[in-house]
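> So here's entry.csv (CSV, C-alpha atoms).
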chain,number,residue,atom,x,y,z
A,1,MET,CA,35.0,-28.9,7.1
A,2,THR,CA,31.9,-30.6,8.4
A,3,ASN,CA,32.1,-33.2,5.6
A,4,ASN,CA,28.4,-33.1,5.1
A,5,LEU,CA,27.6,-34.4,8.5
A,6,THR,CA,24.0,-34.3,9.7
A,7,ALA,CA,23.1,-32.0,12.6
A,8,LYS,CA,22.8,-35.1,14.9
A,9,GLN,CA,26.2,-36.4,13.8
A,10,LEU,CA,27.8,-33.0,14.5
A,11,GLU,CA,26.1,-32.9,17.9
A,12,PHE,CA,27.5,-36.4,18.6
A,13,CYS,CA,31.0,-35.2,17.6
A,14,LYS,CA,30.8,-32.2,19.8
A,15,TYR,CA,29.8,-34.3,22.9
A,16,TYR,CA,32.3,-37.0,22.0
A,17,LEU,CA,35.2,-34.4,21.8
A,18,GLN,CA,34.1,-33.0,25.2
A,19,SER,CA,33.8,-36.3,27.0
A,20,GLY,CA,35.7,-38.9,25.1
A,21,ASN,CA,32.8,-41.3,25.7
A,22,ALA,CA,30.9,-42.4,22.6
A,23,THR,CA,27.9,-43.8,24.5
A,24,GLU,CA,27.4,-40.6,26.5
A,25,ALA,CA,27.8,-38.5,23.4
A,26,TYR,CA,25.2,-40.7,21.6
A,27,ILE,CA,22.7,-40.2,24.5
A,28,GLN,CA,23.2,-36.5,24.4
A,29,ALA,CA,22.8,-36.2,20.6
A,30,TYR,CA,20.1,-38.7,19.9
A,31,ASP,CA,16.7,-39.6,21.3
A,32,THR,CA,17.5,-42.8,23.3
A,33,GLU,CA,14.5,-42.9,25.6
A,34,ASN,CA,13.2,-46.1,24.3
A,35,MET,CA,16.5,-47.8,23.6
A,36,LYS,CA,18.2,-50.5,25.6
A,37,ASP,CA,21.7,-49.8,26.9
A,38,GLN,CA,23.3,-52.3,24.6
A,39,THR,CA,21.6,-50.8,21.6
A,40,ILE,CA,22.8,-47.3,22.6
A,41,TYR,CA,26.4,-48.7,23.0
A,42,ASN,CA,26.2,-50.5,19.6
A,43,GLU,CA,24.8,-47.4,17.8
A,44,ALA,CA,27.4,-45.2,19.4
A,45,SER,CA,30.2,-47.6,18.3
A,46,LYS,CA,28.9,-47.7,14.8
A,47,LEU,CA,28.6,-43.9,14.6
A,48,LEU,CA,32.1,-43.5,15.9
A,49,LYS,CA,33.4,-45.8,13.1
A,50,HIS,CA,31.4,-44.0,10.4
A,51,GLU,CA,33.9,-42.7,7.9
A,52,LYS,CA,32.9,-39.0,7.9
A,53,VAL,CA,32.3,-38.9,11.6
A,54,ALA,CA,35.7,-40.5,12.4
A,55,GLU,CA,37.5,-38.1,9.9
A,56,PHE,CA,35.8,-35.1,11.5
A,57,ILE,CA,36.7,-36.1,15.0
A,58,GLU,CA,40.3,-36.9,14.0
A,59,THR,CA,40.7,-33.5,12.3
A,60,ILE,CA,39.5,-31.6,15.3
A,61,GLN,CA,41.7,-33.7,17.7
A,62,LYS,CA,44.7,-33.0,15.5
A,63,ARG,CA,44.0,-29.3,15.6
A,64,GLU,CA,43.6,-29.3,19.3
A,65,MET,CA,46.9,-31.2,19.8
A,66,LEU,CA,48.7,-28.9,17.5
A,67,GLY,CA,47.4,-25.9,19.3
A,68,ALA,CA,48.4,-27.3,22.7
A,69,PHE,CA,51.8,-28.2,21.4
A,70,ASN,CA,52.3,-24.7,20.0
A,71,THR,CA,51.1,-23.1,23.3
A,72,ARG,CA,53.4,-25.3,25.3
A,73,GLN,CA,56.4,-24.5,23.0
A,74,LYS,CA,55.8,-20.8,23.5
A,75,TYR,CA,55.9,-21.3,27.3
A,76,LEU,CA,59.1,-23.3,27.0
A,77,ASP,CA,60.7,-20.6,24.7
A,78,LYS,CA,59.8,-17.9,27.3
A,79,LEU,CA,61.2,-20.0,30.1
A,80,ASP,CA,64.4,-20.4,28.1
A,81,GLU,CA,64.6,-16.6,27.7
A,82,ILE,CA,64.3,-16.1,31.4
A,83,ILE,CA,67.0,-18.7,32.1
A,84,ASP,CA,69.4,-17.2,29.6
A,85,SER,CA,68.6,-13.5,30.4
A,86,ASP,CA,71.2,-11.4,32.3
A,87,ASP,CA,68.2,-9.3,33.5
A,88,SER,CA,66.5,-12.3,35.3
A,89,THR,CA,67.1,-12.7,39.0
A,90,MET,CA,68.5,-15.9,40.3
A,91,ALA,CA,65.2,-16.8,41.9
A,92,GLU,CA,63.5,-16.3,38.5
A,93,LYS,CA,66.1,-18.5,36.8
A,94,ILE,CA,65.7,-21.3,39.4
A,95,GLN,CA,61.9,-21.1,39.1
A,96,ALA,CA,62.1,-21.3,35.3
A,97,ILE,CA,64.5,-24.3,35.4
A,98,ASN,CA,62.1,-26.1,37.8
A,99,THR,CA,59.2,-25.4,35.6
A,100,VAL,CA,60.9,-26.7,32.5
A,101,ALA,CA,61.9,-29.8,34.4
A,102,LYS,CA,58.3,-30.4,35.5
A,103,LEU,CA,57.0,-29.9,31.9
A,104,LYS,CA,59.5,-32.4,30.6
A,105,GLN,CA,58.6,-35.0,33.3
A,106,TRP,CA,54.9,-34.4,32.3
A,107,ASP,CA,55.9,-35.4,28.8
A,108,LYS,CA,57.4,-38.6,30.0
A,109,ARG,CA,54.5,-39.5,32.2
A,110,LYS,CA,52.1,-38.8,29.3
A,111,ALA,CA,54.1,-41.2,27.1
A,112,GLY,CA,54.0,-43.8,29.9
A,113,LEU,CA,57.8,-43.8,30.3
A,114,GLN,CA,59.7,-44.5,33.5
A,115,ILE,CA,61.0,-41.3,35.0
A,116,ASP,CA,64.6,-41.4,36.4
A,117,TYR,CA,64.3,-38.7,39.1
A,118,GLN,CA,68.1,-38.8,39.8
A,119,GLU,CA,68.7,-38.0,36.1
A,120,GLU,CA,66.2,-35.2,36.3
A,121,TYR,CA,67.8,-33.9,39.5
A,122,ASP,CA,71.3,-34.0,38.0
A,123,LEU,CA,70.0,-32.1,34.9
A,124,ILE,CA,68.5,-29.4,37.1
A,125,GLN,CA,71.7,-29.2,39.1
A,126,ARG,CA,73.8,-28.8,35.9
A,127,SER,CA,71.5,-26.2,34.5
A,128,LEU,CA,71.6,-24.3,37.8
A,129,ALA,CA,75.4,-24.5,38.0
A,130,THR,CA,75.7,-23.3,34.4
A,131,SER,CA,73.4,-20.4,35.2
A,132,LEU,CA,75.3,-19.5,38.3
A,133,LEU,CA,78.9,-20.1,37.2
A,134,GLY,CA,78.8,-20.1,33.4
A,135,ASP,CA,80.5,-22.9,31.4
A,136,PRO,CA,81.6,-25.6,33.9
A,137,ASN,CA,84.6,-26.5,31.6
A,138,ARG,CA,86.0,-22.9,31.9
A,139,TYR,CA,87.3,-23.7,35.4
A,140,PRO,CA,88.2,-27.4,35.4
A,141,ARG,CA,88.2,-29.0,38.8
A,142,LYS,CA,91.6,-29.8,40.2
A,143,ASP,CA,91.8,-32.6,42.6
A,144,ILE,CA,94.0,-31.8,45.6
Spit out the file's structure as structure tokens when you get a sec.


Amino acid sequence: MTNNLTAKQLEFCKYYLQSGNATEAYIQAYDTENMKDQTIYNEASKLLKHEKVAEFIETIQKREMLGAFNTRQKYLDKLDEIIDSDDSTMAEKIQAINTVAKLKQWDKRKAGLQIDYQEEYDLIQRSLATSLLGDPNRYPRKDI
């Protein structure tokens, strides 16, 4: 798994994964006392592009992303159970619906997409109405 990285390279990777800053990671992992800032920056940049270092960092980042996705999906599944359960109180269902909506808005923000709050509000209202009244098509609205 370590791809034959040196101890210093592993240390650099550890600090880089924590901070996301290659220069800071290089300073933490290597003796930079007698180095100019530009030299530190250049060496950190080179190390980040080193094939084995880059591969190691990418592997760890993918594992972390997969773990975060799986954890998030477990939470969403549990919230769906609360929403669909006959044993859940209305307050629990409403809170679960609001939490799901917030998580989905977070996804949009993370992706840099524009959020249509009216669309989100309508979605929550429909979900709430379905939870309260069942299938909205069961009792079609009759205009008077």

> Point out the residue among A:Ile40, A:Glu11, A:Lys78, A:Leu103 with the least atom-to-atom distance to A:Val53, counting all atoms listed in the file.

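Of A:Ile40, A:Glu11, A:Lys78, A:Leu103, the one nearest A:Val53, counting all atoms listed in the file, is A:Glu11.
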
> Hey, can you check how far atom CA of A:Asn98 sits from atom CA of A:Asn70?

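Between atom CA of A:Asn98 and atom CA of A:Asn70 the gap is 20.4 Å.
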
> Name all residues at most 12 Å from A:Ala7 (count only C-alpha atoms; drop same-chain ones fewer than 5 positions away) and give them as a ChimeraX atom specification.

/A:2,12-14,29-30,53

> How many Å lie between atom CA of A:Leu17 and atom CA of A:Ile60, rounded to one decimal?

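About the pair atom CA of A:Leu17 and atom CA of A:Ile60: they are 8.3 Å apart.
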
> Rank A:Val100, A:Ile57, A:Ala44, A:Ile82 by their smallest atom-to-atom distance to A:Ile27, using all atoms listed in the file, and report the top residue only.

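Going through A:Val100, A:Ile57, A:Ala44, A:Ile82 one by one, the smallest distance to A:Ile27 is for A:Ala44.
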
> Can you measure atom CA of A:Leu47 to atom CA of A:Arg63 for me? One decimal in Å is fine.

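Taking atom CA of A:Leu47 and atom CA of A:Arg63, their separation equals 21.2 Å.
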